[in-house]
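Visitor: Input: one structure, supplied below.
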Amino acid sequence: MDASEAVWRAHRNAFRLDPSQIHLANFFLASPPVAVRAAADHWRALLDSDPHLLESFLLGDLAELGSGIAADSPYFQAKAAMAGYLGAPAEEVAFVPSTTTGLALIYNGLSIRAGAEMVITPDAHYSLHQAVYRAAEKNGATVRKCGLYHDPAHATREEILDSVHAALTPRTRCLGLTWVSSRTGVKLPLPEIADIVAEANRDRDEADRCLLIVDGVQGFGAEDEEAARLGADFFIAGAHKWFLGPAGTGVVHGRAWAWRQIAPTIPSFEIDTTLHNCWLGNHPLPATQASFVAPGGFTDYANIFTDYANIFALTETVRFHHRLGRSAIAARIRELNTRLRDELAGTPGVRLLTPRDPAMASGLVCFEIPGLSTGAVVTMLATHRVKVATSPYAEETIRMGAGIVNNHHEIDRAMTAVRSIAA
């Protein structure tokens, strides 16, 4: 075992995962590092001992504050830490419970003229599709599906960019994309796509611009990228997958001008003097900013302390990524999953759907074994103590993804199981 492999195996001790299983489905819901879990436990215990602390954590002293949540609040510290990881100012970031909630809040709040069109791709997730169709129905808009590649395994940057060019029309109000497809594993070249959208917007009024809205959850935490610099107008991601955050946490980053296109859906508990005075004086809200859209409310009194404790623990999650190094984490994920793709591509009886080119893929690897249902393959792999998942689409695929909890020996064992099933 080389020194690098030994170091990564040592990092495995930072997680409570069952060591008898090969965990290749953490992209669905990750077990957070022990330090992150301990941080959440600390905040939950503190709130259990003094529930009134939550009010001061959220409100502070409105008479003195002026700018919202106090800078020494664990909520603000978590937001500042996440914003730093995203490469954005904190005022452009909103906390949400999940990618699904974030997508719903953005699409439901988006101002769309009747007759405008909303463009999505066929392999986007159910949550994105549902949010778009409901927004289109409400606003009298139309939805158009545009595929970006013919064969996912051989998708190229040029093919995708040509497809985006062809998909946009003067009536397109939003382009909803998935950074890393959870059906195929294809990773989109977002900065180049953003350039195309910017060119299409050059002569448009702000209210008619096409917004690039990205479901980024399967790349967030797996890629060495500051998400806010990828060029999307809105980037939405749950933090409880590749990012390894506590359950029920997620973020939306939006450009300042893009937030002005959104009407809040759920009243926010990020109450600053602006929101407070508008409420007291019965005044309409000014142009939307991120804090207006973050959903408030105590959704479950039995778990409300856990909900906020998990948000506060995102600060420790960011520290965990900094300790290991964003670049090192991304390189490890790329190393393991490039090997997985190469091994699957060379296995008789297996059809790899994810491109082998590392520039076109991330941590998610999708494949099929023709003649066997995806559910059957997942069940058979489980008998080998290999945990993988299916994709929730009309054309299901088998999904696996190696993260920093995995090692090359586990890849060997997983591939031995796959070969035995495919044979």
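Ligands are numbered from 1 in the order shown, residues from 1 within each chain, and chains are lettered A, B, ... in the order they appear in the structure tokens.
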From a DSSP pass on the backbone, collect the residues of region 155-295 of chain A flagged as strand (DSSP E or B) and hand them back as a ChimeraX atom specification.
Guide: /A:172-178,180,186-187,211-215,234-238,250-254,262
Visitor: Show which residues sit within 8 Å of Pro152 (chain A), as a list of chain:residue names. Count only C-alpha atoms, and ignore same-chain residues fewer than 5 positions away.
Guide: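 Returned residues: A:Thr184, A:Val186, A:Leu353, A:Thr354, A:Pro355.
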Visitor: Enumerate as a tab-separated table (two decimals) with N, CA and C atoms, in the first residue's frame all residues of region 112-339 of chain A assigned to alpha helix (DSSP H) by DSSP on the backbone, naming them with the chain letters and numbers the document uses.
Guide:
```tsv
chain	number	residue	atom	x	y	z
A	126	TYR	N	-36.61	14.27	-11.40
A	126	TYR	CA	-38.05	14.43	-11.16
A	126	TYR	C	-38.35	15.77	-10.49
A	127	SER	N	-37.56	16.14	-9.48
A	127	SER	CA	-37.83	17.36	-8.72
A	127	SER	C	-37.75	18.59	-9.60
A	128	LEU	N	-36.76	18.65	-10.47
A	128	LEU	CA	-36.64	19.78	-11.38
A	128	LEU	C	-37.81	19.81	-12.35
A	129	HIS	N	-38.13	18.66	-12.94
A	129	HIS	CA	-39.25	18.61	-13.89
A	129	HIS	C	-40.55	19.08	-13.25
A	130	GLN	N	-40.84	18.56	-12.05
A	130	GLN	CA	-42.10	18.93	-11.41
A	130	GLN	C	-42.15	20.41	-11.08
A	131	ALA	N	-41.05	20.97	-10.59
A	131	ALA	CA	-41.03	22.40	-10.27
A	131	ALA	C	-41.27	23.24	-11.52
A	132	VAL	N	-40.69	22.83	-12.64
A	132	VAL	CA	-40.84	23.59	-13.88
A	132	VAL	C	-42.26	23.49	-14.41
A	133	TYR	N	-42.81	22.30	-14.45
A	133	TYR	CA	-44.15	22.14	-15.01
A	133	TYR	C	-45.20	22.88	-14.18
A	134	ARG	N	-45.02	22.89	-12.87
A	134	ARG	CA	-45.99	23.61	-12.03
A	134	ARG	C	-45.87	25.12	-12.23
A	135	ALA	N	-44.65	25.61	-12.38
A	135	ALA	CA	-44.45	27.04	-12.64
A	135	ALA	C	-45.01	27.43	-14.00
A	136	ALA	N	-44.83	26.57	-14.99
A	136	ALA	CA	-45.34	26.86	-16.33
A	136	ALA	C	-46.86	26.92	-16.33
A	137	GLU	N	-47.49	25.97	-15.64
A	137	GLU	CA	-48.94	25.95	-15.57
A	137	GLU	C	-49.48	27.21	-14.89
A	138	LYS	N	-48.82	27.63	-13.83
A	138	LYS	CA	-49.26	28.80	-13.08
A	138	LYS	C	-49.14	30.08	-13.90
A	139	ASN	N	-48.11	30.16	-14.74
A	139	ASN	CA	-47.81	31.41	-15.46
A	139	ASN	C	-48.25	31.41	-16.92
A	157	ARG	N	-18.11	17.87	-25.25
A	157	ARG	CA	-18.33	19.28	-24.95
A	157	ARG	C	-18.94	19.98	-26.15
A	158	GLU	N	-18.42	19.72	-27.35
A	158	GLU	CA	-18.91	20.40	-28.55
A	158	GLU	C	-20.36	20.05	-28.84
A	159	GLU	N	-20.74	18.78	-28.68
A	159	GLU	CA	-22.12	18.36	-28.93
A	159	GLU	C	-23.07	19.06	-27.95
A	160	ILE	N	-22.67	19.14	-26.70
A	160	ILE	CA	-23.53	19.76	-25.68
A	160	ILE	C	-23.69	21.25	-25.95
A	161	LEU	N	-22.61	21.93	-26.26
A	161	LEU	CA	-22.69	23.37	-26.51
A	161	LEU	C	-23.51	23.68	-27.75
A	162	ASP	N	-23.37	22.87	-28.79
A	162	ASP	CA	-24.20	23.06	-30.00
A	162	ASP	C	-25.67	22.87	-29.66
A	163	SER	N	-25.97	21.90	-28.80
A	163	SER	CA	-27.37	21.64	-28.42
A	163	SER	C	-27.94	22.79	-27.61
A	164	VAL	N	-27.13	23.39	-26.74
A	164	VAL	CA	-27.61	24.53	-25.96
A	164	VAL	C	-27.89	25.71	-26.89
A	165	HIS	N	-27.00	25.96	-27.84
A	165	HIS	CA	-27.22	27.02	-28.83
A	165	HIS	C	-28.58	26.83	-29.51
A	166	ALA	N	-28.84	25.60	-29.93
A	166	ALA	CA	-30.05	25.32	-30.67
A	166	ALA	C	-31.30	25.40	-29.79
A	167	ALA	N	-31.14	25.17	-28.49
A	167	ALA	CA	-32.29	25.11	-27.59
A	167	ALA	C	-32.86	26.48	-27.26
A	190	LEU	N	-20.44	23.88	-17.61
A	190	LEU	CA	-21.28	25.02	-17.21
A	190	LEU	C	-20.73	26.38	-17.60
A	191	PRO	N	-19.44	26.67	-17.42
A	191	PRO	CA	-18.97	28.02	-17.78
A	191	PRO	C	-19.20	28.36	-19.25
A	192	GLU	N	-18.98	27.39	-20.14
A	192	GLU	CA	-19.20	27.64	-21.56
A	192	GLU	C	-20.69	27.79	-21.87
A	193	ILE	N	-21.52	27.00	-21.18
A	193	ILE	CA	-22.96	27.14	-21.35
A	193	ILE	C	-23.41	28.51	-20.87
A	194	ALA	N	-22.86	28.96	-19.75
A	194	ALA	CA	-23.20	30.28	-19.23
A	194	ALA	C	-22.84	31.38	-20.23
A	195	ASP	N	-21.74	31.22	-20.95
A	195	ASP	CA	-21.37	32.20	-21.97
A	195	ASP	C	-22.41	32.26	-23.09
A	196	ILE	N	-22.93	31.11	-23.47
A	196	ILE	CA	-23.96	31.06	-24.51
A	196	ILE	C	-25.22	31.77	-24.04
A	197	VAL	N	-25.63	31.52	-22.81
A	197	VAL	CA	-26.82	32.16	-22.27
A	197	VAL	C	-26.60	33.67	-22.18
A	198	ALA	N	-25.41	34.09	-21.76
A	198	ALA	CA	-25.11	35.52	-21.66
A	198	ALA	C	-25.20	36.19	-23.02
A	199	GLU	N	-24.75	35.51	-24.05
A	199	GLU	CA	-24.84	36.08	-25.41
A	199	GLU	C	-26.30	36.20	-25.84
A	200	ALA	N	-27.12	35.19	-25.50
A	200	ALA	CA	-28.54	35.25	-25.85
A	200	ALA	C	-29.24	36.39	-25.11
A	256	ALA	N	-27.11	38.64	-7.61
A	256	ALA	CA	-27.95	39.69	-7.03
A	256	ALA	C	-29.07	40.08	-7.98
A	257	TRP	N	-28.77	40.23	-9.27
A	257	TRP	CA	-29.82	40.64	-10.21
A	257	TRP	C	-30.85	39.52	-10.38
A	258	ALA	N	-30.40	38.26	-10.29
A	258	ALA	CA	-31.33	37.14	-10.47
A	258	ALA	C	-32.31	37.03	-9.30
A	259	TRP	N	-31.85	37.31	-8.08
A	259	TRP	CA	-32.76	37.26	-6.94
A	259	TRP	C	-33.91	38.24	-7.13
A	273	THR	N	-34.08	44.48	9.62
A	273	THR	CA	-34.95	45.63	9.84
A	273	THR	C	-35.82	45.92	8.62
A	274	THR	N	-35.35	45.57	7.43
A	274	THR	CA	-36.17	45.79	6.23
A	274	THR	C	-37.44	44.97	6.30
A	275	LEU	N	-37.28	43.66	6.51
A	275	LEU	CA	-38.45	42.79	6.61
A	275	LEU	C	-39.32	43.19	7.79
A	276	HIS	N	-38.69	43.49	8.91
A	276	HIS	CA	-39.44	43.82	10.13
A	276	HIS	C	-40.29	45.08	9.92
A	277	ASN	N	-39.69	46.11	9.35
A	277	ASN	CA	-40.42	47.37	9.16
A	277	ASN	C	-41.50	47.26	8.08
A	278	CYS	N	-41.25	46.45	7.06
A	278	CYS	CA	-42.28	46.24	6.03
A	278	CYS	C	-43.49	45.55	6.65
A	279	TRP	N	-43.22	44.61	7.54
A	279	TRP	CA	-44.32	43.91	8.20
A	279	TRP	C	-45.08	44.87	9.13
A	280	LEU	N	-44.35	45.59	9.97
A	280	LEU	CA	-45.01	46.47	10.94
A	280	LEU	C	-45.77	47.60	10.24
A	281	GLY	N	-45.21	48.11	9.15
A	281	GLY	CA	-45.84	49.22	8.46
A	281	GLY	C	-46.73	48.81	7.31
A	290	ALA	N	-31.54	37.23	-1.32
A	290	ALA	CA	-31.51	35.82	-0.94
A	290	ALA	C	-32.18	35.56	0.40
A	291	SER	N	-31.95	36.41	1.38
A	291	SER	CA	-32.48	36.16	2.72
A	291	SER	C	-34.00	36.16	2.76
A	292	PHE	N	-34.66	36.83	1.78
A	292	PHE	CA	-36.12	36.84	1.75
A	292	PHE	C	-36.68	35.47	1.35
A	293	VAL	N	-35.88	34.68	0.65
A	293	VAL	CA	-36.38	33.44	0.05
A	293	VAL	C	-36.11	32.22	0.92
A	304	ILE	N	-37.11	20.49	15.61
A	304	ILE	CA	-36.70	21.83	15.22
A	304	ILE	C	-35.28	22.12	15.67
A	305	PHE	N	-34.89	21.63	16.84
A	305	PHE	CA	-33.54	21.88	17.31
A	305	PHE	C	-32.53	21.14	16.42
A	306	THR	N	-32.91	19.94	15.98
A	306	THR	CA	-32.04	19.20	15.07
A	306	THR	C	-31.88	19.94	13.75
A	307	ASP	N	-33.01	20.48	13.24
A	307	ASP	CA	-32.95	21.20	11.97
A	307	ASP	C	-31.93	22.33	12.02
A	308	TYR	N	-32.02	23.17	13.05
A	308	TYR	CA	-31.10	24.29	13.13
A	308	TYR	C	-29.71	23.86	13.55
A	309	ALA	N	-29.61	22.84	14.40
A	309	ALA	CA	-28.29	22.33	14.79
A	309	ALA	C	-27.54	21.83	13.55
A	310	ASN	N	-28.26	21.20	12.63
A	310	ASN	CA	-27.62	20.72	11.41
A	310	ASN	C	-27.13	21.87	10.54
A	311	ILE	N	-27.92	22.95	10.47
A	311	ILE	CA	-27.47	24.13	9.73
A	311	ILE	C	-26.21	24.70	10.37
A	312	PHE	N	-26.23	24.84	11.70
A	312	PHE	CA	-25.07	25.39	12.39
A	312	PHE	C	-23.83	24.51	12.16
A	314	LEU	N	-22.92	23.08	9.55
A	314	LEU	CA	-22.31	23.25	8.23
A	314	LEU	C	-20.97	23.98	8.32
A	315	THR	N	-20.81	24.79	9.35
A	315	THR	CA	-19.51	25.44	9.56
A	315	THR	C	-18.42	24.39	9.72
A	316	GLU	N	-18.69	23.36	10.50
A	316	GLU	CA	-17.71	22.29	10.70
A	316	GLU	C	-17.53	21.47	9.42
A	317	THR	N	-18.59	21.32	8.63
A	317	THR	CA	-18.46	20.60	7.36
A	317	THR	C	-17.49	21.32	6.43
A	318	VAL	N	-17.62	22.64	6.36
A	318	VAL	CA	-16.69	23.41	5.54
A	318	VAL	C	-15.26	23.27	6.08
A	319	ARG	N	-15.10	23.30	7.39
A	319	ARG	CA	-13.77	23.12	7.98
A	319	ARG	C	-13.19	21.75	7.60
A	320	PHE	N	-14.04	20.73	7.60
A	320	PHE	CA	-13.59	19.38	7.22
A	320	PHE	C	-13.03	19.40	5.81
A	321	HIS	N	-13.73	20.05	4.88
A	321	HIS	CA	-13.25	20.13	3.50
A	321	HIS	C	-11.94	20.91	3.41
A	322	HIS	N	-11.82	21.95	4.22
A	322	HIS	CA	-10.60	22.74	4.22
A	322	HIS	C	-9.43	21.93	4.79
A	323	ARG	N	-9.69	21.13	5.83
A	323	ARG	CA	-8.62	20.34	6.43
A	323	ARG	C	-8.06	19.31	5.44
A	324	LEU	N	-8.95	18.63	4.71
A	324	LEU	CA	-8.49	17.65	3.75
A	324	LEU	C	-8.03	18.30	2.45
A	326	ARG	N	-9.94	20.91	-0.68
A	326	ARG	CA	-10.93	20.73	-1.75
A	326	ARG	C	-10.30	20.03	-2.96
A	327	SER	N	-9.10	20.46	-3.35
A	327	SER	CA	-8.44	19.87	-4.51
A	327	SER	C	-8.11	18.40	-4.27
A	328	ALA	N	-7.65	18.08	-3.06
A	328	ALA	CA	-7.30	16.70	-2.75
A	328	ALA	C	-8.54	15.81	-2.75
A	329	ILE	N	-9.64	16.30	-2.20
A	329	ILE	CA	-10.89	15.53	-2.20
A	329	ILE	C	-11.35	15.27	-3.63
A	330	ALA	N	-11.37	16.31	-4.44
A	330	ALA	CA	-11.83	16.16	-5.83
A	330	ALA	C	-10.92	15.22	-6.60
A	331	ALA	N	-9.61	15.32	-6.38
A	331	ALA	CA	-8.67	14.45	-7.08
A	331	ALA	C	-8.88	12.99	-6.69
A	332	ARG	N	-9.14	12.75	-5.41
A	332	ARG	CA	-9.38	11.37	-4.96
A	332	ARG	C	-10.65	10.81	-5.57
A	333	ILE	N	-11.70	11.60	-5.59
A	333	ILE	CA	-12.97	11.16	-6.19
A	333	ILE	C	-12.77	10.88	-7.68
A	334	ARG	N	-12.04	11.77	-8.35
A	334	ARG	CA	-11.78	11.57	-9.78
A	334	ARG	C	-10.95	10.31	-10.03
A	335	GLU	N	-9.94	10.08	-9.19
A	335	GLU	CA	-9.07	8.90	-9.33
A	335	GLU	C	-9.87	7.61	-9.22
A	336	LEU	N	-10.67	7.49	-8.15
A	336	LEU	CA	-11.41	6.25	-7.92
A	336	LEU	C	-12.47	6.01	-8.99
A	337	ASN	N	-13.17	7.07	-9.38
A	337	ASN	CA	-14.28	6.87	-10.31
A	337	ASN	C	-13.83	6.77	-11.76
A	338	THR	N	-12.70	7.35	-12.08
A	338	THR	CA	-12.11	7.10	-13.40
A	338	THR	C	-11.77	5.62	-13.52
A	339	ARG	N	-11.22	5.07	-12.45
A	339	ARG	CA	-10.91	3.63	-12.48
A	339	ARG	C	-12.19	2.81	-12.59
```
Visitor: Which residue gives the smallest distance to Ala247 (chain A) among A:Ala227, A:Ile266, A:Val96, A:Ile411, with only C-alpha atoms counted?
Guide: A:Val96
Visitor: What is the distance, in Å and to one decimal place, between CA of Val386 (chain A) and CA of Ala417 (chain A)?
Guide: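 It comes out at 8.0 Å.
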Visitor: Select, from A:Thr265, A:Ser181, A:Thr249, A:Thr101, the residue with the minimum atom-to-atom distance to Gly216 (chain A), counting only C-alpha atoms.
Guide: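 Checking each candidate against Gly216 (chain A), we get A:Ser181 as the closest.
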Visitor: I'd like the neighbourhood of Leu340 (chain A) as a PyMOL selection string, where a residue qualifies if any of its atoms comes within 12 Å (using only C-alpha atoms), though same-chain residues fewer than 3 positions away should be ignored.
Guide: chain A and resi 24+333-337+343-347+352+354-356+358+361-367+399-403+406-416+418
Visitor: Leaving out Phe269 (chain A) and any residue of its chain fewer than 5 positions from it, which residues lie within 8 Å of it when counting only C-alpha atoms, given as a PDB file with C-alpha atoms, in the first residue's frame?
Guide:
```pdb
ATOM      1  CA  LEU A  58     -32.035  34.066  14.478  1.00  0.00           C
ATOM      2  CA  ALA A 294     -34.811  31.176   2.682  1.00  0.00           C
ATOM      3  CA  PRO A 295     -37.874  29.366   4.102  1.00  0.00           C
ATOM      4  CA  GLY A 296     -38.747  30.049   7.724  1.00  0.00           C
ATOM      5  CA  GLY A 297     -41.117  28.307  10.093  1.00  0.00           C
TER       6      GLY A 297
END
```
Visitor: Determine the nearest neighbour of Pro370 (chain A) from the options A:Met118, A:Val350, A:Val405, A:Ala10, counting only C-alpha atoms.
Guide: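 Among the listed residues, the smallest separation from Pro370 (chain A) belongs to A:Val350.
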